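Source file: model-v1.tsv. Holds: TSV, C-alpha atoms.
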```tsv
chain	number	residue	atom	x	y	z
R	463	MET	CA	-11.74	21.22	5.48
R	464	LEU	CA	-9.72	18.83	3.30
R	465	ARG	CA	-6.51	20.71	4.07
R	466	ARG	CA	-7.17	20.39	7.81
R	467	THR	CA	-7.79	16.67	7.38
R	468	PHE	CA	-4.54	16.33	5.44
R	469	ILE	CA	-2.53	18.26	8.03
R	470	LYS	CA	-4.20	16.35	10.88
R	471	THR	CA	-3.32	13.07	9.19
R	472	LEU	CA	0.26	14.15	8.70
R	473	SER	CA	0.60	15.40	12.26
R	474	THR	CA	0.16	11.86	13.54
R	475	GLY	CA	3.24	10.62	11.75
R	476	ALA	CA	5.21	13.39	10.12
R	477	PHE	CA	7.10	16.49	11.09
R	478	ILE	CA	8.08	19.65	9.23
R	479	SER	CA	11.85	20.12	9.06
R	480	MET	CA	13.58	23.47	9.45
R	481	CYS	CA	13.93	23.58	5.65
R	482	GLY	CA	10.18	23.29	5.16
R	483	GLY	CA	10.29	19.71	3.90
R	484	LEU	CA	8.45	16.86	5.53
R	485	GLY	CA	10.03	13.80	7.07
R	486	THR	CA	8.77	10.79	8.96
R	487	VAL	CA	8.52	10.35	12.71
R	488	GLY	CA	10.45	7.11	12.42
R	489	ASN	CA	13.52	9.18	11.60
R	490	LEU	CA	13.18	11.13	14.86
R	491	PHE	CA	13.35	8.03	17.03
R	492	ALA	CA	16.08	6.10	15.26
R	493	GLN	CA	18.32	4.36	17.76
R	494	GLU	CA	21.36	4.22	15.50
R	495	ALA	CA	22.55	6.56	12.78
R	496	GLY	CA	21.21	5.43	9.44
R	497	GLN	CA	18.29	3.49	10.91
R	498	ILE	CA	14.58	4.24	10.82
R	499	LYS	CA	11.49	2.75	12.44
R	500	VAL	CA	9.01	1.21	9.97
R	501	TRP	CA	5.98	-1.09	10.09
R	502	SER	CA	6.53	-4.71	9.05
R	503	ALA	CA	3.36	-6.48	7.89
R	504	ALA	CA	5.03	-9.89	8.25
R	505	LYS	CA	5.96	-9.25	11.88
R	506	GLY	CA	2.86	-7.21	12.74
R	507	THR	CA	4.92	-4.58	14.55
R	508	PHE	CA	7.37	-1.76	14.08
R	509	ILE	CA	10.98	-2.71	13.40
R	510	MET	CA	14.24	-0.83	12.98
R	511	VAL	CA	15.82	-1.04	9.50
R	512	SER	CA	18.87	0.50	7.88
R	513	LYS	CA	18.38	3.19	5.28
R	514	ILE	CA	19.52	2.21	1.80
R	515	ASP	CA	21.84	4.47	-0.16
R	516	LYS	CA	23.04	3.24	-3.55
R	517	THR	CA	24.75	4.96	-6.45
R	518	GLU	CA	22.86	5.66	-9.65
R	519	GLN	CA	24.81	2.85	-11.33
R	520	GLU	CA	23.89	0.36	-8.59
R	521	TRP	CA	20.18	1.24	-9.01
R	522	LYS	CA	20.46	0.84	-12.80
R	523	GLU	CA	21.85	-2.67	-12.33
R	524	ILE	CA	18.90	-3.91	-10.24
R	525	LEU	CA	15.93	-2.01	-11.73
R	526	THR	CA	14.31	-2.13	-15.15
R	527	PRO	CA	14.66	1.08	-17.19
R	528	GLU	CA	11.05	2.04	-16.37
R	529	GLN	CA	11.48	1.32	-12.65
R	530	PHE	CA	14.68	3.38	-12.63
R	531	ASP	CA	13.03	6.31	-14.42
R	532	VAL	CA	10.05	6.35	-12.06
R	533	THR	CA	11.77	5.70	-8.73
R	534	ARG	CA	15.17	7.36	-9.16
R	535	LYS	CA	14.40	10.12	-11.71
R	536	HIS	CA	10.89	10.99	-10.42
R	537	GLY	CA	9.20	9.90	-13.62
R	538	THR	CA	5.56	8.95	-14.11
R	539	GLU	CA	4.23	5.96	-16.01
R	540	ARG	CA	1.41	6.57	-18.48
R	541	ALA	CA	-2.07	6.32	-16.99
R	542	PHE	CA	-3.87	2.97	-17.32
R	543	THR	CA	-0.65	1.12	-18.28
R	544	GLY	CA	0.57	-0.08	-14.87
R	545	GLU	CA	0.17	-3.72	-13.86
R	546	TYR	CA	-1.34	-2.90	-10.43
R	547	ASP	CA	-4.00	-0.35	-11.39
R	548	LYS	CA	-6.78	-2.97	-11.53
R	549	LEU	CA	-5.28	-5.60	-9.20
R	550	TYR	CA	-7.50	-6.17	-6.15
R	551	GLU	CA	-6.05	-9.34	-4.61
R	552	ALA	CA	-5.25	-9.46	-0.90
R	553	GLY	CA	-1.66	-8.62	-0.11
R	554	ILE	CA	0.97	-5.99	0.50
R	555	TYR	CA	2.38	-3.52	-2.01
R	556	GLN	CA	6.11	-3.07	-1.42
R	557	CYS	CA	8.81	-0.72	-2.70
R	558	VAL	CA	10.28	-2.19	-5.89
R	559	CYS	CA	13.71	-0.83	-4.91
R	560	CYS	CA	14.11	-2.09	-1.34
R	561	GLY	CA	11.10	-4.31	-0.52
R	562	GLN	CA	9.74	-2.10	2.26
R	563	ASP	CA	6.01	-2.55	2.97
R	564	LEU	CA	4.11	0.51	1.72
R	565	PHE	CA	0.39	-0.16	1.18
R	566	HIS	CA	-2.12	-2.85	2.11
R	567	SER	CA	-4.68	-4.04	-0.43
R	568	GLU	CA	-7.48	-3.30	2.08
R	569	HIS	CA	-6.70	0.42	1.67
R	570	LYS	CA	-6.83	0.36	-2.14
R	571	PHE	CA	-9.69	1.88	-4.13
R	572	ASP	CA	-10.53	2.56	-7.78
R	573	SER	CA	-9.88	6.26	-8.29
R	574	LYS	CA	-10.46	5.95	-12.06
R	575	THR	CA	-7.22	7.91	-12.62
R	576	GLY	CA	-5.25	5.06	-14.20
R	577	TRP	CA	-2.85	4.60	-11.29
R	578	PRO	CA	-3.15	2.41	-8.18
R	579	SER	CA	-4.68	4.52	-5.41
R	580	TYR	CA	-4.84	4.04	-1.66
R	581	TYR	CA	-6.50	6.11	1.06
R	582	GLN	CA	-3.64	5.50	3.51
R	583	PRO	CA	-0.18	3.91	3.66
R	584	ILE	CA	0.45	0.77	5.71
R	585	ALA	CA	2.08	3.13	8.26
R	586	ILE	CA	2.97	6.80	7.88
R	587	GLU	CA	6.51	5.93	9.01
R	588	ASN	CA	7.03	3.85	5.85
R	589	ILE	CA	6.70	6.81	3.51
R	590	GLY	CA	8.19	10.27	3.27
R	591	ILE	CA	6.56	13.37	1.85
R	592	SER	CA	8.22	16.33	0.14
R	593	LYS	CA	7.11	19.24	-2.02
R	594	ASP	CA	7.20	18.72	-5.78
R	595	ARG	CA	7.33	22.05	-7.61
R	596	LYS	CA	7.54	20.68	-11.16
R	597	TRP	CA	5.06	21.51	-13.92
R	598	MET	CA	4.27	24.99	-12.49
R	599	MET	CA	2.34	23.62	-9.52
R	600	VAL	CA	3.05	22.41	-6.01
R	601	ARG	CA	2.19	18.81	-5.16
R	602	ASN	CA	3.01	16.52	-2.25
R	603	GLU	CA	5.40	13.87	-3.52
R	604	ILE	CA	5.52	10.46	-1.82
R	605	HIS	CA	8.72	8.45	-1.50
R	606	CYS	CA	9.88	5.34	0.33
R	607	SER	CA	11.28	6.32	3.73
R	608	ARG	CA	13.98	3.66	3.51
R	609	CYS	CA	15.52	4.16	0.04
R	610	LYS	CA	13.94	7.48	-1.04
R	611	GLY	CA	12.47	5.89	-4.17
R	612	HIS	CA	9.81	8.12	-5.78
R	613	LEU	CA	6.37	6.49	-5.55
R	614	GLY	CA	3.86	9.11	-6.69
R	615	HIS	CA	1.83	11.89	-5.08
R	616	VAL	CA	-0.85	12.35	-2.43
R	617	PHE	CA	-3.95	14.44	-3.11
R	618	GLU	CA	-6.80	15.65	-0.89
R	619	ASP	CA	-9.63	14.17	-3.00
R	620	GLY	CA	-9.75	10.60	-1.66
R	621	PRO	CA	-12.52	8.65	0.07
R	622	LYS	CA	-13.32	8.40	3.76
R	623	PRO	CA	-11.92	7.81	6.31
R	624	THR	CA	-8.86	9.96	5.39
R	625	GLY	CA	-10.00	12.03	2.41
R	626	LEU	CA	-6.60	11.33	0.85
R	627	ARG	CA	-5.63	9.67	-2.42
R	628	TYR	CA	-2.13	8.23	-2.59
R	629	CYS	CA	-1.68	8.01	-6.37
R	630	ILE	CA	1.20	5.58	-6.93
R	631	ASN	CA	3.10	4.40	-10.00
R	632	SER	CA	2.84	0.63	-10.53
R	633	ALA	CA	6.50	0.68	-11.66
R	634	ALA	CA	7.47	1.75	-8.11
R	635	LEU	CA	5.74	-1.27	-6.54
R	636	LYS	CA	5.96	-5.01	-6.25
R	637	PHE	CA	3.07	-7.06	-4.93
R	638	ALA	CA	3.33	-9.72	-2.23
R	639	PRO	CA	0.13	-11.80	-2.30
R	640	ASP	CA	-1.31	-12.74	1.05
R	641	SER	CA	-3.02	-16.07	1.55
R	642	THR	CA	-4.16	-15.09	5.04
R	643	THR	CA	-5.25	-11.87	6.67
R	644	VAL	CA	-2.27	-9.74	7.65
R	645	LYS	CA	-2.47	-9.09	11.37
R	646	GLY	CA	-1.66	-5.77	12.95
R	647	VAL	CA	-1.74	-3.66	9.82
R	648	ARG	CA	-3.09	-0.27	10.64
```
Taking this structure as input, can you express it in the form of structure tokens?
Amino acid sequence: MLRRTFIKTLSTGAFISMCGGLGTVGNLFAQEAGQIKVWSAAKGTFIMVSKIDKTEQEWKEILTPEQFDVTRKHGTERAFTGEYDKLYEAGIYQCVCCGQDLFHSEHKFDSKTGWPSYYQPIAIENIGISKDRKWMMVRNEIHCSRCKGHLGHVFEDGPKPTGLRYCINSAALKFAPDSTTVKGVR
């Protein structure tokens, strides 16, 4: 049942490529090469943005060593050490690399795993999903759809309404506090 829920959730915003990987629907409807459709919490609507492609050296110059390891080298911070694990203020969690909106605080829950967890992204178009075959297991890796920064993984043991747990590294996020309710976030 959980697998069906996961596939059903993905079918609303993702597609399976010919290579077996997953991509986002936003990529299918891009109007210009190198652009994708993503949700903007500030504008309350979908917008077109350019993909970001930097060299390893350019990423090293703008990220801390931990942020670089997590987002560009697919690392994982130690459990219970991230600054956003226990943060429950209203706001938007954004990609630390490019600033893209990823998760809304209303979708956050305490999974007791030591990493910030959400039951859904701000919009499925804002993330990408691929298979992670490291550590002798297969997991669904989550990355930013704009810059491909590694965020964490999604598991099928989350709360209702989705049954999903997006387990995200704090080092991959930055938090934008919200003094008012964000309109249009879905």
I want to know what sits within 12 Å of Arg608 (chain R), based on all atoms listed in the file, with residues of the same chain fewer than 4 positions away left out; could you give that as a ChimeraX atom specification? /R:485-486,488-489,496-501,510-516,556-564,587-590,612
I need every residue sitting at most 12 Å from the point (0.8, 13.7, -14.8) (coordinates as in the file, all atoms listed in the file considered), written as a list in words.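 Every residue inside that radius is included here: His536, Gly537, Thr538, Glu539, Arg540, Ala541, Phe542, Thr575, Gly576, Trp577, Lys596, Trp597, Met599, Arg601, Gly614, His615, Cys629, Ile630 and Asn631 of chain R.
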Closest of R:Pro623, R:Pro583, R:Gly611, R:Gly553 to Lys535 (chain R) - atom-to-atom distances counting only C-alpha atoms: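 Result for the nearest residue to Lys535 (chain R): R:Gly611.
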Do you have the CA of Ile591 (chain R)-CA of Tyr555 (chain R) distance handy?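 One can read the CA of Ile591 (chain R) to CA of Tyr555 (chain R) distance as 17.8 Å.
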In Å, with one decimal, what is the gap from CA of Lys548 (chain R) to CA of Leu613 (chain R)?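 CA of Lys548 (chain R) sits 17.3 Å away from CA of Leu613 (chain R).
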Quick one: distance from CA of Arg534 (chain R) to CA of Gly506 (chain R) in Å, one decimal?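 Calculated distance between CA of Arg534 (chain R) and CA of Gly506 (chain R) is 29.0 Å.
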Six-sided padding of 5 Å per side, axis-aligned box over region 519-526 of chain R, centre and edges in Å, one decimal, as lines of an AutoDock Vina configuration file:
```
center_x = 19.6
center_y = -0.5
center_z = -11.9
size_x = 20.5
size_y = 16.8
size_z = 16.6
```
